[in-house]
Each structure stands twice: as C-alpha cells, then as structure tokens.
file start13.pdb (PDB, C-alpha atoms, pLDDT in the B column)
MODEL        1
ATOM      1  CA  MET A 758     -10.667   8.547   6.625  1.00 73.00           C
ATOM      2  CA  LYS A 759      -7.881   9.976   8.797  1.00 89.00           C
ATOM      3  CA  GLU A 760      -4.573   8.189   9.295  1.00 97.00           C
ATOM      4  CA  TYR A 761      -2.482   8.347  12.438  1.00 98.00           C
ATOM      5  CA  ALA A 762       0.841   6.831  13.521  1.00 98.00           C
ATOM      6  CA  VAL A 763       1.568   5.437  16.959  1.00 98.00           C
ATOM      7  CA  VAL A 764       5.253   4.946  17.737  1.00 98.00           C
ATOM      8  CA  GLY A 765       5.501   2.393  20.518  1.00 97.00           C
ATOM      9  CA  ALA A 766       2.283   0.579  19.619  1.00 97.00           C
ATOM     10  CA  SER A 767       3.220  -2.872  20.858  1.00 95.00           C
ATOM     11  CA  SER A 768       1.914  -2.540  24.428  1.00 94.00           C
ATOM     12  CA  GLY A 769       0.684  -0.255  27.194  1.00 94.00           C
ATOM     13  CA  THR A 770      -0.582   3.205  26.325  1.00 95.00           C
ATOM     14  CA  GLY A 771       0.574   2.953  22.716  1.00 97.00           C
ATOM     15  CA  LEU A 772      -1.501  -0.173  22.158  1.00 97.00           C
ATOM     16  CA  ALA A 773      -4.499   1.412  23.904  1.00 96.00           C
ATOM     17  CA  ILE A 774      -4.252   4.475  21.629  1.00 97.00           C
ATOM     18  CA  THR A 775      -3.935   2.263  18.558  1.00 98.00           C
ATOM     19  CA  ARG A 776      -7.037   0.248  19.380  1.00 97.00           C
ATOM     20  CA  LEU A 777      -9.094   3.247  20.400  1.00 96.00           C
ATOM     21  CA  LEU A 778      -8.231   5.146  17.211  1.00 97.00           C
ATOM     22  CA  ALA A 779      -9.205   2.120  15.128  1.00 97.00           C
ATOM     23  CA  SER A 780     -12.472   1.715  17.040  1.00 96.00           C
ATOM     24  CA  GLN A 781     -13.291   5.301  16.006  1.00 95.00           C
ATOM     25  CA  GLY A 782     -12.861   4.405  12.326  1.00 96.00           C
ATOM     26  CA  ASN A 783      -9.334   5.748  11.825  1.00 97.00           C
ATOM     27  CA  THR A 784      -6.467   4.080  10.012  1.00 98.00           C
ATOM     28  CA  VAL A 785      -3.495   3.560  12.322  1.00 98.00           C
ATOM     29  CA  ARG A 786       0.135   2.768  11.558  1.00 98.00           C
ATOM     30  CA  ALA A 787       1.165   0.724  14.562  1.00 98.00           C
ATOM     31  CA  ILE A 788       4.930   1.240  14.642  1.00 98.00           C
ATOM     32  CA  ALA A 789       7.105  -0.912  16.885  1.00 97.00           C
ATOM     33  CA  ARG A 790       9.789  -3.580  16.778  1.00 95.00           C
ATOM     34  CA  LYS A 791       6.978  -6.071  17.451  1.00 95.00           C
ATOM     35  CA  PRO A 792       3.752  -4.325  16.375  1.00 97.00           C
ATOM     36  CA  PRO A 793       0.263  -5.711  17.013  1.00 96.00           C
ATOM     37  CA  ALA A 794      -1.504  -7.861  14.445  1.00 96.00           C
ATOM     38  CA  ALA A 795      -3.091  -6.278  11.394  1.00 97.00           C
ATOM     39  CA  THR A 796      -6.805  -5.534  11.162  1.00 97.00           C
ATOM     40  CA  ASP A 797      -8.845  -3.657   8.575  1.00 97.00           C
ATOM     41  CA  LEU A 798      -7.724  -0.375  10.179  1.00 98.00           C
ATOM     42  CA  ILE A 799      -4.517  -1.239  12.032  1.00 98.00           C
ATOM     43  CA  LYS A 800      -1.427  -1.394   9.802  1.00 98.00           C
ATOM     44  CA  PRO A 801       1.524  -2.968  11.631  1.00 98.00           C
ATOM     45  CA  VAL A 802       4.902  -1.442  10.721  1.00 98.00           C
ATOM     46  CA  VAL A 803       8.126  -3.002  11.970  1.00 98.00           C
ATOM     47  CA  ALA A 804      10.630  -0.257  12.796  1.00 97.00           C
ATOM     48  CA  ASP A 805      13.103   0.534  15.562  1.00 96.00           C
ATOM     49  CA  VAL A 806      13.304   4.148  16.801  1.00 96.00           C
ATOM     50  CA  GLY A 807      17.052   3.645  17.052  1.00 95.00           C
ATOM     51  CA  LYS A 808      17.319   3.374  13.253  1.00 96.00           C
ATOM     52  CA  PRO A 809      16.724   6.830  11.678  1.00 96.00           C
ATOM     53  CA  GLU A 810      16.061   5.717   8.102  1.00 96.00           C
ATOM     54  CA  ALA A 811      13.707   2.937   9.159  1.00 97.00           C
ATOM     55  CA  ILE A 812      11.648   5.238  11.355  1.00 97.00           C
ATOM     56  CA  ALA A 813      11.564   7.928   8.654  1.00 96.00           C
ATOM     57  CA  ALA A 814      10.249   5.363   6.166  1.00 97.00           C
ATOM     58  CA  ALA A 815       7.624   4.212   8.668  1.00 97.00           C
ATOM     59  CA  LEU A 816       6.395   7.808   8.991  1.00 97.00           C
ATOM     60  CA  ALA A 817       6.401   8.642   5.274  1.00 95.00           C
ATOM     61  CA  GLY A 818       3.255  10.024   3.681  1.00 93.00           C
ATOM     62  CA  GLU A 819       0.355  12.082   4.986  1.00 94.00           C
ATOM     63  CA  LEU A 820      -0.548  11.705   8.660  1.00 97.00           C
ATOM     64  CA  GLU A 821      -2.902  13.625  10.921  1.00 96.00           C
ATOM     65  CA  ALA A 822      -0.771  13.113  14.024  1.00 98.00           C
ATOM     66  CA  VAL A 823       2.086  11.033  15.380  1.00 98.00           C
ATOM     67  CA  PHE A 824       1.890   9.691  18.945  1.00 98.00           C
ATOM     68  CA  PHE A 825       5.182   8.922  20.712  1.00 98.00           C
ATOM     69  CA  THR A 826       4.731   6.529  23.638  1.00 97.00           C
ATOM     70  CA  VAL A 827       8.029   4.635  23.611  1.00 95.00           C
ATOM     71  CA  ASP A 828       9.487   3.617  26.954  1.00 88.00           C
ATOM     72  CA  ILE A 829      12.171   1.184  28.019  1.00 84.00           C
ATOM     73  CA  HIS A 830      11.124  -1.779  30.162  1.00 78.00           C
ATOM     74  CA  LYS A 831      14.405  -3.663  30.388  1.00 75.00           C
ATOM     75  CA  ALA A 832      15.457  -4.175  34.012  1.00 68.00           C
ATOM     76  CA  PHE A 833      18.727  -2.505  35.016  1.00 76.00           C
ATOM     77  CA  ALA A 834      19.248  -1.010  31.570  1.00 84.00           C
ATOM     78  CA  SER A 835      22.362   1.094  31.158  1.00 90.00           C
ATOM     79  CA  LYS A 836      22.155   4.870  31.212  1.00 91.00           C
ATOM     80  CA  GLN A 837      23.325   4.899  27.581  1.00 93.00           C
ATOM     81  CA  LEU A 838      20.598   2.473  26.448  1.00 93.00           C
ATOM     82  CA  ILE A 839      17.910   4.455  28.248  1.00 92.00           C
ATOM     83  CA  ARG A 840      19.146   7.645  26.572  1.00 94.00           C
ATOM     84  CA  SER A 841      19.228   6.033  23.142  1.00 94.00           C
ATOM     85  CA  VAL A 842      15.618   4.842  23.407  1.00 94.00           C
ATOM     86  CA  MET A 843      13.923   7.659  25.321  1.00 94.00           C
ATOM     87  CA  PHE A 844      15.704  10.656  23.815  1.00 96.00           C
ATOM     88  CA  ASP A 845      17.659   9.713  20.685  1.00 97.00           C
ATOM     89  CA  GLY A 846      14.755   7.599  19.434  1.00 97.00           C
ATOM     90  CA  PHE A 847      12.394  10.546  19.818  1.00 98.00           C
ATOM     91  CA  VAL A 848      14.789  12.846  17.954  1.00 98.00           C
ATOM     92  CA  ASN A 849      14.847  10.294  15.118  1.00 98.00           C
ATOM     93  CA  VAL A 850      11.046  10.548  14.963  1.00 98.00           C
ATOM     94  CA  LEU A 851      11.211  14.356  14.840  1.00 98.00           C
ATOM     95  CA  ASN A 852      13.787  14.244  12.052  1.00 97.00           C
ATOM     96  CA  GLY A 853      11.664  11.781  10.094  1.00 96.00           C
ATOM     97  CA  VAL A 854       8.541  13.903  10.433  1.00 95.00           C
ATOM     98  CA  GLN A 855      10.368  17.061   9.357  1.00 92.00           C
ATOM     99  CA  ARG A 856      10.675  15.562   5.875  1.00 86.00           C
ATOM    100  CA  HIS A 857       6.927  16.046   5.376  1.00 87.00           C
ATOM    101  CA  ALA A 858       5.677  18.925   3.280  1.00 84.00           C
ATOM    102  CA  LYS A 859       2.876  19.294   5.821  1.00 90.00           C
ATOM    103  CA  PRO A 860       4.148  17.877   9.119  1.00 93.00           C
ATOM    104  CA  PRO A 861       1.604  16.137  11.361  1.00 97.00           C
ATOM    105  CA  ARG A 862       0.962  17.175  14.948  1.00 98.00           C
ATOM    106  CA  ILE A 863       3.288  15.423  17.408  1.00 98.00           C
ATOM    107  CA  ILE A 864       1.610  14.104  20.573  1.00 98.00           C
ATOM    108  CA  LEU A 865       4.301  13.345  23.141  1.00 98.00           C
ATOM    109  CA  LEU A 866       3.542  11.219  26.177  1.00 97.00           C
ATOM    110  CA  SER A 867       5.565  12.779  28.978  1.00 96.00           C
ATOM    111  CA  VAL A 868       5.696  12.648  32.776  1.00 95.00           C
ATOM    112  CA  MET A 869       4.242  15.095  35.269  1.00 93.00           C
ATOM    113  CA  GLY A 870       6.522  17.653  36.916  1.00 92.00           C
ATOM    114  CA  PRO A 871       9.740  17.005  34.961  1.00 92.00           C
ATOM    115  CA  GLY A 872      11.230  20.293  36.140  1.00 89.00           C
ATOM    116  CA  LYS A 873      10.344  19.774  39.815  1.00 89.00           C
ATOM    117  CA  PRO A 874      12.363  17.617  42.220  1.00 88.00           C
ATOM    118  CA  SER A 875      10.377  15.031  44.161  1.00 93.00           C
ATOM    119  CA  LEU A 876      10.848  11.738  45.973  1.00 93.00           C
ATOM    120  CA  THR A 877       9.017   9.944  43.172  1.00 93.00           C
ATOM    121  CA  TRP A 878      11.402  11.364  40.585  1.00 92.00           C
ATOM    122  CA  LEU A 879      14.341  10.342  42.774  1.00 92.00           C
ATOM    123  CA  LEU A 880      13.074   6.764  42.817  1.00 90.00           C
ATOM    124  CA  LEU A 881      12.409   6.760  39.068  1.00 90.00           C
ATOM    125  CA  ASN A 882      15.912   8.016  38.374  1.00 89.00           C
ATOM    126  CA  LEU A 883      17.319   5.189  40.477  1.00 87.00           C
ATOM    127  CA  ALA A 884      15.291   2.652  38.505  1.00 87.00           C
ATOM    128  CA  LYS A 885      15.969   4.268  35.127  1.00 88.00           C
ATOM    129  CA  ARG A 886      19.174   6.248  35.301  1.00 88.00           C
ATOM    130  CA  GLY A 887      18.913   9.656  33.685  1.00 90.00           C
ATOM    131  CA  MET A 888      15.172   9.344  33.077  1.00 92.00           C
ATOM    132  CA  GLN A 889      14.243  12.824  34.312  1.00 93.00           C
ATOM    133  CA  LYS A 890      16.890  14.507  32.152  1.00 94.00           C
ATOM    134  CA  ASN A 891      15.712  12.520  29.129  1.00 95.00           C
ATOM    135  CA  ILE A 892      12.104  13.614  29.742  1.00 95.00           C
ATOM    136  CA  VAL A 893      13.153  17.274  30.050  1.00 96.00           C
ATOM    137  CA  ASP A 894      15.468  17.099  27.039  1.00 97.00           C
ATOM    138  CA  ARG A 895      12.922  15.569  24.698  1.00 97.00           C
ATOM    139  CA  GLU A 896      10.242  18.100  25.658  1.00 97.00           C
ATOM    140  CA  GLN A 897      12.725  20.867  24.887  1.00 97.00           C
ATOM    141  CA  ALA A 898      13.706  19.205  21.602  1.00 98.00           C
ATOM    142  CA  LEU A 899      10.057  19.076  20.556  1.00 98.00           C
ATOM    143  CA  MET A 900       9.445  22.715  21.502  1.00 97.00           C
ATOM    144  CA  ALA A 901      12.512  23.780  19.495  1.00 97.00           C
ATOM    145  CA  SER A 902      11.688  21.612  16.464  1.00 97.00           C
ATOM    146  CA  GLY A 903       9.212  23.982  14.837  1.00 96.00           C
ATOM    147  CA  LEU A 904       6.730  21.116  14.515  1.00 97.00           C
ATOM    148  CA  PRO A 905       3.140  21.446  15.787  1.00 97.00           C
ATOM    149  CA  TYR A 906       2.827  19.591  19.078  1.00 97.00           C
ATOM    150  CA  VAL A 907       0.920  18.820  22.244  1.00 96.00           C
ATOM    151  CA  ILE A 908       2.714  17.439  25.299  1.00 95.00           C
ATOM    152  CA  VAL A 909       0.628  15.323  27.666  1.00 94.00           C
ATOM    153  CA  ARG A 910       2.243  14.834  31.071  1.00 94.00           C
ATOM    154  CA  ALA A 911       0.927  11.848  32.989  1.00 93.00           C
ATOM    155  CA  PRO A 912       1.284  10.815  36.651  1.00 92.00           C
ATOM    156  CA  ARG A 913       1.430   7.217  37.878  1.00 90.00           C
ATOM    157  CA  LEU A 914      -0.456   4.923  35.518  1.00 90.00           C
ATOM    158  CA  VAL A 915      -2.932   2.362  36.778  1.00 87.00           C
ATOM    159  CA  ASP A 916      -4.613  -0.427  34.861  1.00 79.00           C
ATOM    160  CA  VAL A 917      -8.356  -0.848  35.327  1.00 67.00           C
ATOM    161  CA  GLU A 918     -10.490  -3.835  34.440  1.00 47.00           C
ATOM    162  CA  ASN A 919     -11.441  -3.383  30.811  1.00 43.00           C
ATOM    163  CA  LYS A 920     -12.359  -5.303  27.715  1.00 39.00           C
ATOM    164  CA  MET A 921     -10.074  -4.920  24.728  1.00 42.00           C
ATOM    165  CA  ALA A 922     -10.897  -6.174  21.267  1.00 40.00           C
ATOM    166  CA  ALA A 923      -8.813  -6.132  18.116  1.00 40.00           C
ATOM    167  CA  ASP A 924     -10.813  -3.239  16.720  1.00 43.00           C
ATOM    168  CA  GLY A 925     -11.237  -1.122  19.871  1.00 49.00           C
ATOM    169  CA  ILE A 926     -11.078  -0.643  23.598  1.00 46.00           C
ATOM    170  CA  GLU A 927     -14.048  -0.568  25.951  1.00 48.00           C
ATOM    171  CA  THR A 928     -13.701   0.418  29.584  1.00 42.00           C
ATOM    172  CA  THR A 929     -15.992  -0.856  32.292  1.00 40.00           C
ATOM    173  CA  ARG A 930     -16.520   2.697  33.604  1.00 44.00           C
ATOM    174  CA  PRO A 931     -16.631   6.138  32.000  1.00 44.00           C
ATOM    175  CA  ALA A 932     -13.406   8.044  31.414  1.00 48.00           C
ATOM    176  CA  THR A 933     -12.792  10.528  34.228  1.00 50.00           C
ATOM    177  CA  ALA A 934      -9.632  12.285  33.110  1.00 54.00           C
ATOM    178  CA  ALA A 935      -9.494  15.837  34.402  1.00 57.00           C
ATOM    179  CA  MET A 936      -7.094  18.069  32.516  1.00 57.00           C
ATOM    180  CA  LEU A 937      -5.167  20.919  34.066  1.00 58.00           C
ATOM    181  CA  SER A 938      -2.847  23.280  32.229  1.00 57.00           C
ATOM    182  CA  ALA A 939       0.902  23.042  32.700  1.00 53.00           C
ATOM    183  CA  GLN A 940       0.857  26.461  34.346  1.00 56.00           C
ATOM    184  CA  ALA A 941      -0.230  24.589  37.492  1.00 56.00           C
ATOM    185  CA  ASN A 942       2.848  22.374  36.952  1.00 77.00           C
ATOM    186  CA  HIS A 943       2.028  19.621  39.428  1.00 86.00           C
ATOM    187  CA  ARG A 944       4.793  17.846  41.261  1.00 89.00           C
ATOM    188  CA  LEU A 945       5.052  14.133  40.492  1.00 92.00           C
ATOM    189  CA  ASP A 946       3.947  11.982  43.420  1.00 90.00           C
ATOM    190  CA  MET A 947       2.323   8.614  44.049  1.00 89.00           C
ATOM    191  CA  LYS A 948      -1.085  10.086  44.902  1.00 88.00           C
ATOM    192  CA  ARG A 949      -2.172  11.347  41.502  1.00 87.00           C
ATOM    193  CA  THR A 950      -2.945   8.590  39.015  1.00 89.00           C
ATOM    194  CA  ILE A 951      -4.673   8.024  35.713  1.00 90.00           C
ATOM    195  CA  ALA A 952      -6.128   4.859  34.226  1.00 89.00           C
ATOM    196  CA  ARG A 953      -4.492   3.842  30.978  1.00 92.00           C
ATOM    197  CA  PRO A 954      -7.737   3.951  28.919  1.00 91.00           C
ATOM    198  CA  ASP A 955      -8.365   7.500  30.169  1.00 89.00           C
ATOM    199  CA  LEU A 956      -4.849   8.526  29.189  1.00 92.00           C
ATOM    200  CA  ALA A 957      -5.305   7.053  25.717  1.00 94.00           C
ATOM    201  CA  ALA A 958      -8.586   8.958  25.292  1.00 91.00           C
ATOM    202  CA  ALA A 959      -6.981  12.191  26.510  1.00 91.00           C
ATOM    203  CA  MET A 960      -4.082  11.876  24.081  1.00 94.00           C
ATOM    204  CA  ILE A 961      -6.407  11.304  21.137  1.00 95.00           C
ATOM    205  CA  ALA A 962      -8.430  14.350  22.163  1.00 93.00           C
ATOM    206  CA  ALA A 963      -5.159  16.302  22.318  1.00 93.00           C
ATOM    207  CA  ALA A 964      -4.369  15.260  18.749  1.00 95.00           C
ATOM    208  CA  THR A 965      -7.623  16.591  17.368  1.00 92.00           C
ATOM    209  CA  SER A 966      -8.718  19.441  19.626  1.00 92.00           C
ATOM    210  CA  ALA A 967      -6.048  20.778  21.996  1.00 92.00           C
ATOM    211  CA  PRO A 968      -4.488  24.182  21.290  1.00 92.00           C
ATOM    212  CA  GLU A 969      -1.393  23.850  19.139  1.00 94.00           C
ATOM    213  CA  ASN A 970       1.965  23.920  20.930  1.00 95.00           C
ATOM    214  CA  SER A 971       0.496  23.396  24.388  1.00 93.00           C
ATOM    215  CA  VAL A 972       1.488  21.373  27.454  1.00 92.00           C
ATOM    216  CA  TRP A 973      -0.967  19.665  29.812  1.00 91.00           C
ATOM    217  CA  ASP A 974      -0.962  17.735  33.048  1.00 89.00           C
ATOM    218  CA  VAL A 975      -3.529  14.946  32.972  1.00 89.00           C
ATOM    219  CA  TYR A 976      -4.792  12.865  35.861  1.00 86.00           C
ATOM    220  CA  GLY A 977      -7.922  11.046  36.936  1.00 79.00           C
ATOM    221  CA  ASN A 978     -10.257  13.190  39.021  1.00 69.00           C
ATOM    222  CA  ASP A 979     -14.041  12.867  38.863  1.00 58.00           C
ATOM    223  CA  ALA A 980     -14.619  16.400  40.108  1.00 55.00           C
ATOM    224  CA  GLY A 981     -11.720  18.125  38.392  1.00 64.00           C
ATOM    225  CA  PRO A 982     -11.857  20.797  35.683  1.00 68.00           C
ATOM    226  CA  VAL A 983     -12.043  19.681  32.087  1.00 74.00           C
ATOM    227  CA  PRO A 984     -11.059  22.153  29.357  1.00 76.00           C
ATOM    228  CA  VAL A 985     -13.381  22.807  26.429  1.00 76.00           C
ATOM    229  CA  TRP A 986     -11.241  20.813  23.988  1.00 80.00           C
ATOM    230  CA  MET A 987     -11.624  17.694  26.188  1.00 79.00           C
ATOM    231  CA  GLU A 988     -15.389  17.818  26.562  1.00 70.00           C
ATOM    232  CA  GLY A 989     -16.171  15.926  23.382  1.00 63.00           C
ATOM    233  CA  ARG A 990     -13.688  13.096  23.865  1.00 61.00           C
TER     234      ARG A 990
ENDMDL
END

call {"tool": "encode", "arguments": {"input": "start13.pdb", "output": "structure tokens"}}
result
Amino acid sequence: MKEYAVVGASSGTGLAITRLLASQGNTVRAIARKPPAATDLIKPVVADVGKPEAIAAALAGELEAVFFTVDIHKAFASKQLIRSVMFDGFVNVLNGVQRHAKPPRIILLSVMGPGKPSLTWLLLNLAKRGMQKNIVDREQALMASGLPYVIVRAPRLVDVENKMAADGIETTRPATAAMLSAQANHRLDMKRTIARPDLAAAMIAAATSAPENSVWDVYGNDAGPVPVWMEGR
C-alpha cells in the first residue's frame, strides 16, 4: 500500500486530493492546522507550514509523493503573512523532505502563466499582495532544490456538483482535464477554467506517471490534447 502526504488537506483541492487518493486504496497523511477526520486510510496530522520542525516531523518516513496545495484565504492579509504562508511555508516543506534518504516526488499546485503579465494577475496581486512573485519564487525554489518534482499550473478553479464521501470523491460527470505542456505557457485569464475534481485527478496522475522534473498547464477542455501519462487517470 502506497502512502502519500497532502500539505493543505483541510479544504479545497487538498481535501479533494486526500479523498481521491484514499478512495483508490492509498494511505494519506492529511497535513493541516485543522486536518480532516481520520478514516481507515486518512491519517490526520496537525502541523503548521510556518513551523519548520513540526512540518519536518509530519513528513518523516517513507512517502511516494508530497502534494503542496496551501493557500491563504484570510481577507486583506498583509504582504508579509502571504509571503510566510505561500513561499516560506513551501520552503519549510522542501527542507523537511530533504532529510529523507529517498526523497518523495513533490507535486506543487501552481498558477497558470506566472511569468506572463495579465489583467487577471493584476487583480490577483491586488487581492493578495505579492502573490505572483511568491508563485514564481516557489517554483524556482523547487527547481533548484534537487528534489524530484512535477509542477501543475492551474487556471481559475470552478466547483461542480459532486458527491463527496469520507473515503472518496465521485463526480457527477467524467473528468475532462486536458493537459498541455508548459512550453505553450498560457497566459492566465478568466476564460480557461478547471473543475476542482479534475484538478485533483490530474495532480494524482502527475504524482505517479508524469515525467520527472516537468511543468504542465492544466485546464478543462473536452476536445483538448491529453498526454500519454494522463490517459490512465
């Protein structure tokens, strides 16, 4: 039985990944300040990414992959707080993982087009000051870490009607995530979207099948191209 860790498992995409992994028969360390309830396969771990030793302890032992999905939801948060959660917290995860004799693959949830200016990025930076720089900086930190990784860049997230159970997630329609390589480097806008269950499925596929040290744009598109590593998701 494989064991994974999800950092930021309390809600949103992190919770969707946690439940989907468990539904597939995997053991999951659900790491958060307020993690979800325990099940036979979900192991809640209370840890704050802002505390290096606590996060290192939460990640101790053998893991197949570590998913980082942490975001900050506090309204009007300071630039310093946003930096400490989005960037410094991720660096604490990298430092904790580097203690492993055989480091797991890091799956980083990122945002589409971090190196391209756009109106959408302008608005996001107004809402979360310094967000774009934090996204760019943590991608670069991961690439320079020497750890195996896959970066999944998402556009605007949408929630679809779905049924979630404690041991899994079931969507009311098939996943339609089309994956395009980062060489296309899409600009972030409000037109491209992806449903949260599709994003969770894509990130799990990235953990098991994507080429090592690769970067992908992911968005919902029924007719779009799907790479070989995504076909079995």

call {"tool": "resolve_selection", "arguments": {"input": "start13.pdb", "expression": "the PyMOL selection byres ((chain A and resi 946-961) around 6)", "output": "ChimeraX atom specification"}}
result
/A:773-774,877,912-916,932,934,945,962-964,976-977

call {"tool": "closest_residue", "arguments": {"input": "start13.pdb", "among": "A:Arg895, A:Asp974, A:Gly903, A:Leu883", "to": "Ser835 in chain A", "atoms": "all atoms listed in the file"}}
result
A:Leu883

call {"tool": "residues_around", "arguments": {"input": "start13.pdb", "residues": "Glu760 in chain A", "least_positions_apart": "2", "cutoff": "12 Å", "atoms": "only C-alpha atoms", "output": "PyMOL selection string"}}
result
chain A and resi 758+762-763+775+778-779+781-787+798-800+816-824+861-862+964

call {"tool": "closest_residue", "arguments": {"input": "start13.pdb", "among": "A:Ile839, A:Ile908, A:Leu899, A:Val975", "to": "Arg886 in chain A", "atoms": "only C-alpha atoms"}}
result
A:Ile839

call {"tool": "closest_residue", "arguments": {"input": "start13.pdb", "among": "A:Val827, A:Val854, A:Val972, A:Leu838", "to": "Glu810 in chain A", "atoms": "only C-alpha atoms"}}
result
A:Val854

call {"tool": "atom_distance", "arguments": {"input": "start13.pdb", "atom1": "CA of Asn852 in chain A", "atom2": "CA of Glu896 in chain A"}}
result
14.6 Å

call {"tool": "resolve_selection", "arguments": {"input": "start13.pdb", "expression": "the PyMOL selection byres ((chain A and resi 973) around 12)", "output": "PyMOL selection string"}}
result
chain A and resi 864-870+906-912+934-943+956+959-960+962-963+967-972+974-976+983-984+986-987

call {"tool": "resolve_selection", "arguments": {"input": "start13.pdb", "expression": "the PyMOL selection byres ((chain A and resi 882) around 12)", "output": "JSON, numbers by chain"}}
result
{"A": [833, 834, 835, 836, 839, 871, 874, 875, 876, 877, 878, 879, 880, 881, 883, 884, 885, 886, 887, 888, 889, 890, 891, 892]}

call {"tool": "closest_residue", "arguments": {"input": "start13.pdb", "among": "A:Gly872, A:Thr826, A:Ala811, A:Ile788", "to": "Thr770 in chain A", "atoms": "only C-alpha atoms"}}
result
A:Thr826

call {"tool": "atom_distance", "arguments": {"input": "start13.pdb", "atom1": "CA of Phe844 in chain A", "atom2": "CA of Ala804 in chain A"}}
result
16.3 Å

call {"tool": "atom_distance", "arguments": {"input": "start13.pdb", "atom1": "CA of Ser780 in chain A", "atom2": "CA of Asp828 in chain A"}}
result
24.2 Å

call {"tool": "closest_residue", "arguments": {"input": "start13.pdb", "among": "A:Ser767, A:Ser902, A:Thr796, A:Ser841", "to": "Pro860 in chain A", "atoms": "all atoms listed in the file"}}
result
A:Ser902

call {"tool": "closest_residue", "arguments": {"input": "start13.pdb", "among": "A:Ala901, A:Leu777, A:His857, A:Gly769", "to": "Ile829 in chain A", "atoms": "only C-alpha atoms"}}
result
A:Gly769

call {"tool": "residues_around", "arguments": {"input": "start13.pdb", "residues": "Asp805 in chain A", "least_positions_apart": "5", "cutoff": "8 Å", "atoms": "only C-alpha atoms", "output": "number ranges by chain"}}
result
A: 789-790, 811-812
